[in-house]
Amino acid sequence: DRSMVGGMKEEAFRPLIRTQSELEQLWRRLMAPLGFSGHTLWMVVIQDDRPVPQIMEIVDASDTPEDDDVTAFARVLEHLASPDTRFAFLRSRPGAGRPDALDRAWARALHDAGRRSGAAVDLVHLAHDHDVLPIVLDDLLAEPA
């Protein structure tokens, strides 16, 4: 069970998220303890630089994303988007190592959905059994779609 609620008073965890480092720290906290049995996409809505206190488990992300997936995500983002809102995504999976081709394909698809919808999408992250890592845009641009 991964949630942004913790502590005696059940106060929401709502840190300022203005940098990639702060976003990575948010994901590290939300994904702890590391260890995953499946391939899942997670989304956090960030409004006025603070996460909305609800993490959304979106979809089984074990297959390569298709154009229909990008279109569906774009529709969701378009529906939720506002000028003070951006979206953070993370793909979790079992295993270790650097982002693989499937991790990069999902990151590229999510950035494409953001472009199609006009929504702001932060750098996509990967969580696996040993670490939380950014999937850097340079890696996405260097690889053919």
# chains A, B, ... in the order shown; residues from 1 in each chain; ligands from 1
call {"tool": "residues_around", "arguments": {"residues": "region 105-108 of chain A", "least_positions_apart": "2", "cutoff": "9 Å", "atoms": "only C-alpha atoms", "output": "mmCIF file with N, CA and C atoms, in the first residue's frame"}}
result
data_model
loop_
_atom_site.group_PDB
_atom_site.id
_atom_site.type_symbol
_atom_site.label_atom_id
_atom_site.label_comp_id
_atom_site.auth_asym_id
_atom_site.auth_seq_id
_atom_site.Cartn_x
_atom_site.Cartn_y
_atom_site.Cartn_z
ATOM 1 N N LEU A 41 2.506 1.563 -13.787
ATOM 2 C CA LEU A 41 2.702 3.006 -13.910
ATOM 3 C C LEU A 41 1.998 3.680 -12.747
ATOM 4 N N ALA A 61 2.042 -2.073 -17.062
ATOM 5 C CA ALA A 61 2.931 -1.525 -18.081
ATOM 6 C C ALA A 61 3.978 -2.547 -18.500
ATOM 7 N N THR A 64 4.834 -3.053 -24.595
ATOM 8 C CA THR A 64 5.237 -1.804 -25.235
ATOM 9 C C THR A 64 4.007 -0.929 -25.446
ATOM 10 N N PRO A 65 4.084 0.363 -25.071
ATOM 11 C CA PRO A 65 2.924 1.240 -25.268
ATOM 12 C C PRO A 65 2.631 1.437 -26.757
ATOM 13 N N PHE A 89 5.191 10.920 -13.398
ATOM 14 C CA PHE A 89 4.964 9.500 -13.632
ATOM 15 C C PHE A 89 6.191 8.698 -13.224
ATOM 16 N N LEU A 90 5.937 7.476 -12.778
ATOM 17 C CA LEU A 90 6.994 6.533 -12.462
ATOM 18 C C LEU A 90 6.554 5.163 -12.955
ATOM 19 N N ARG A 91 7.486 4.430 -13.533
ATOM 20 C CA ARG A 91 7.241 3.038 -13.915
ATOM 21 C C ARG A 91 7.989 2.174 -12.925
ATOM 22 N N ASP A 100 15.656 0.275 -19.176
ATOM 23 C CA ASP A 100 15.767 -0.555 -20.375
ATOM 24 C C ASP A 100 14.885 0.024 -21.494
ATOM 25 N N ALA A 101 14.855 -0.671 -22.625
ATOM 26 C CA ALA A 101 14.114 -0.174 -23.790
ATOM 27 C C ALA A 101 12.628 0.014 -23.481
ATOM 28 N N LEU A 102 12.037 -0.893 -22.693
ATOM 29 C CA LEU A 102 10.617 -0.772 -22.358
ATOM 30 C C LEU A 102 10.376 0.401 -21.408
ATOM 31 N N ASP A 103 11.278 0.603 -20.438
ATOM 32 C CA ASP A 103 11.168 1.773 -19.547
ATOM 33 C C ASP A 103 11.201 3.062 -20.374
ATOM 34 N N LEU A 110 4.638 8.730 -22.363
ATOM 35 C CA LEU A 110 4.049 9.673 -21.407
ATOM 36 C C LEU A 110 4.388 11.119 -21.765
ATOM 37 N N HIS A 111 5.612 11.357 -22.205
ATOM 38 C CA HIS A 111 5.970 12.707 -22.661
ATOM 39 C C HIS A 111 5.178 13.079 -23.911
ATOM 40 N N ASP A 112 4.974 12.106 -24.823
ATOM 41 C CA ASP A 112 4.162 12.353 -26.021
ATOM 42 C C ASP A 112 2.724 12.699 -25.630
ATOM 43 N N ALA A 113 2.169 11.984 -24.646
ATOM 44 C CA ALA A 113 0.810 12.270 -24.176
ATOM 45 C C ALA A 113 0.737 13.692 -23.621
ATOM 46 N N LEU A 123 9.889 14.916 -15.565
ATOM 47 C CA LEU A 123 10.781 13.822 -15.931
ATOM 48 C C LEU A 123 10.246 12.513 -15.349
ATOM 49 N N VAL A 124 10.093 11.499 -16.202
ATOM 50 C CA VAL A 124 9.579 10.200 -15.778
ATOM 51 C C VAL A 124 10.679 9.456 -15.018
ATOM 52 N N HIS A 125 10.283 8.732 -13.985
ATOM 53 C CA HIS A 125 11.229 7.954 -13.179
ATOM 54 C C HIS A 125 10.939 6.462 -13.279
ATOM 55 N N ILE A 135 14.513 8.740 -15.855
ATOM 56 C CA ILE A 135 14.706 8.302 -17.238
ATOM 57 C C ILE A 135 14.950 9.596 -18.017
ATOM 58 N N VAL A 136 16.210 9.928 -18.200
ATOM 59 C CA VAL A 136 16.581 11.248 -18.703
ATOM 60 C C VAL A 136 16.181 11.433 -20.161
ATOM 61 N N LEU A 137 15.774 12.653 -20.475
ATOM 62 C CA LEU A 137 15.272 12.953 -21.808
ATOM 63 C C LEU A 137 16.321 12.744 -22.890
ATOM 64 N N LEU A 140 15.996 9.440 -24.281
ATOM 65 C CA LEU A 140 14.798 9.255 -25.105
ATOM 66 C C LEU A 140 15.009 9.836 -26.496
ATOM 67 N N LEU A 141 15.701 10.970 -26.564
ATOM 68 C CA LEU A 141 15.908 11.636 -27.848
ATOM 69 C C LEU A 141 16.932 10.903 -28.706
ATOM 70 N N ALA A 145 12.231 6.179 -32.178
ATOM 71 C CA ALA A 145 10.917 5.846 -31.613
ATOM 72 C C ALA A 145 10.449 4.500 -32.093
#
call {"tool": "closest_residue", "arguments": {"among": "A:Asp60, A:Asp131, A:Asp68, A:Glu78", "to": "Gly97 (chain A)", "atoms": "only C-alpha atoms"}}
result
A:Asp131
call {"tool": "closest_residue", "arguments": {"among": "A:Ser62, A:Ser117, A:Gln47, A:Ser21", "to": "Phe87 (chain A)", "atoms": "only C-alpha atoms"}}
result
A:Gln47
call {"tool": "select_by_dssp", "arguments": {"residues": "chain A", "states": "helix (DSSP H, G or I)", "output": "number ranges by chain"}}
result
A: 20-31, 67-80, 101-117, 137-142
call {"tool": "write_last_selection", "arguments": {"atoms": "C-alpha atoms", "output": "PDB file, in the first residue's frame"}}
result
ATOM      1  CA  GLN A  20      14.189  17.026 -10.436  1.00  0.00           C
ATOM      2  CA  SER A  21      16.032  16.133  -7.209  1.00  0.00           C
ATOM      3  CA  GLU A  22      12.958  16.966  -5.092  1.00  0.00           C
ATOM      4  CA  LEU A  23      10.797  14.885  -7.433  1.00  0.00           C
ATOM      5  CA  GLU A  24      13.205  11.948  -7.137  1.00  0.00           C
ATOM      6  CA  GLN A  25      13.068  12.215  -3.322  1.00  0.00           C
ATOM      7  CA  LEU A  26       9.256  12.161  -3.474  1.00  0.00           C
ATOM      8  CA  TRP A  27       9.317   8.977  -5.565  1.00  0.00           C
ATOM      9  CA  ARG A  28      11.898   7.379  -3.232  1.00  0.00           C
ATOM     10  CA  ARG A  29       9.607   7.984  -0.280  1.00  0.00           C
ATOM     11  CA  LEU A  30       6.459   6.815  -2.090  1.00  0.00           C
ATOM     12  CA  MET A  31       8.033   3.652  -3.510  1.00  0.00           C
ATOM     13  CA  ASP A  67      -0.393   4.853 -30.026  1.00  0.00           C
ATOM     14  CA  ASP A  68      -3.810   4.083 -28.468  1.00  0.00           C
ATOM     15  CA  ASP A  69      -2.146   4.175 -25.031  1.00  0.00           C
ATOM     16  CA  VAL A  70      -0.637   7.585 -25.777  1.00  0.00           C
ATOM     17  CA  THR A  71      -4.020   8.863 -26.976  1.00  0.00           C
ATOM     18  CA  ALA A  72      -5.765   7.537 -23.835  1.00  0.00           C
ATOM     19  CA  PHE A  73      -3.181   9.143 -21.530  1.00  0.00           C
ATOM     20  CA  ALA A  74      -3.420  12.413 -23.470  1.00  0.00           C
ATOM     21  CA  ARG A  75      -7.213  12.441 -22.919  1.00  0.00           C
ATOM     22  CA  VAL A  76      -6.795  11.882 -19.167  1.00  0.00           C
ATOM     23  CA  LEU A  77      -4.132  14.592 -18.888  1.00  0.00           C
ATOM     24  CA  GLU A  78      -6.205  17.016 -20.941  1.00  0.00           C
ATOM     25  CA  HIS A  79      -9.143  16.425 -18.594  1.00  0.00           C
ATOM     26  CA  LEU A  80      -7.053  16.958 -15.428  1.00  0.00           C
ATOM     27  CA  ALA A 101      14.114  -0.174 -23.790  1.00  0.00           C
ATOM     28  CA  LEU A 102      10.617  -0.772 -22.358  1.00  0.00           C
ATOM     29  CA  ASP A 103      11.168   1.773 -19.547  1.00  0.00           C
ATOM     30  CA  ARG A 104      12.277   4.323 -22.149  1.00  0.00           C
ATOM     31  CA  ALA A 105       9.328   3.476 -24.430  1.00  0.00           C
ATOM     32  CA  TRP A 106       6.878   4.215 -21.590  1.00  0.00           C
ATOM     33  CA  ALA A 107       8.689   7.443 -20.666  1.00  0.00           C
ATOM     34  CA  ARG A 108       8.578   8.550 -24.308  1.00  0.00           C
ATOM     35  CA  ALA A 109       4.858   7.651 -24.552  1.00  0.00           C
ATOM     36  CA  LEU A 110       4.049   9.673 -21.407  1.00  0.00           C
ATOM     37  CA  HIS A 111       5.970  12.707 -22.661  1.00  0.00           C
ATOM     38  CA  ASP A 112       4.162  12.353 -26.021  1.00  0.00           C
ATOM     39  CA  ALA A 113       0.810  12.270 -24.176  1.00  0.00           C
ATOM     40  CA  GLY A 114       1.802  15.471 -22.378  1.00  0.00           C
ATOM     41  CA  ARG A 115       2.663  17.152 -25.689  1.00  0.00           C
ATOM     42  CA  ARG A 116      -0.591  16.025 -27.315  1.00  0.00           C
ATOM     43  CA  SER A 117      -2.687  17.227 -24.383  1.00  0.00           C
ATOM     44  CA  LEU A 137      15.272  12.953 -21.808  1.00  0.00           C
ATOM     45  CA  ASP A 138      18.645  12.737 -23.591  1.00  0.00           C
ATOM     46  CA  ASP A 139      18.262   8.951 -23.580  1.00  0.00           C
ATOM     47  CA  LEU A 140      14.798   9.255 -25.105  1.00  0.00           C
ATOM     48  CA  LEU A 141      15.908  11.636 -27.848  1.00  0.00           C
ATOM     49  CA  ALA A 142      18.953   9.570 -28.792  1.00  0.00           C
TER      50      ALA A 142
END
call {"tool": "select_by_dssp", "arguments": {"residues": "chain A", "states": "strand (DSSP E)", "output": "ChimeraX atom specification"}}
result
/A:5-6,11-12,40-47,50-60,85-92,120-121,125-127,132-134
call {"tool": "closest_residue", "arguments": {"among": "A:Val59, A:Ala120, A:Val132, A:Ala81", "to": "Pro94 (chain A)", "atoms": "only C-alpha atoms"}}
result
A:Val132
call {"tool": "atom_distance", "arguments": {"atom1": "CA of Arg86 (chain A)", "atom2": "CA of Pro15 (chain A)"}}
result
14.6 Å
call {"tool": "residues_around", "arguments": {"residues": "Arg18 (chain A)", "least_positions_apart": "5", "cutoff": "10 Å", "atoms": "only C-alpha atoms", "output": "PyMOL selection string"}}
result
chain A and resi 23+46+48-50
call {"tool": "atom_distance", "arguments": {"atom1": "CA of Gly95 (chain A)", "atom2": "CA of Leu133 (chain A)"}}
result
12.9 Å
call {"tool": "atom_distance", "arguments": {"atom1": "CA of Val44 (chain A)", "atom2": "CA of Ala88 (chain A)"}}
result
5.2 Å
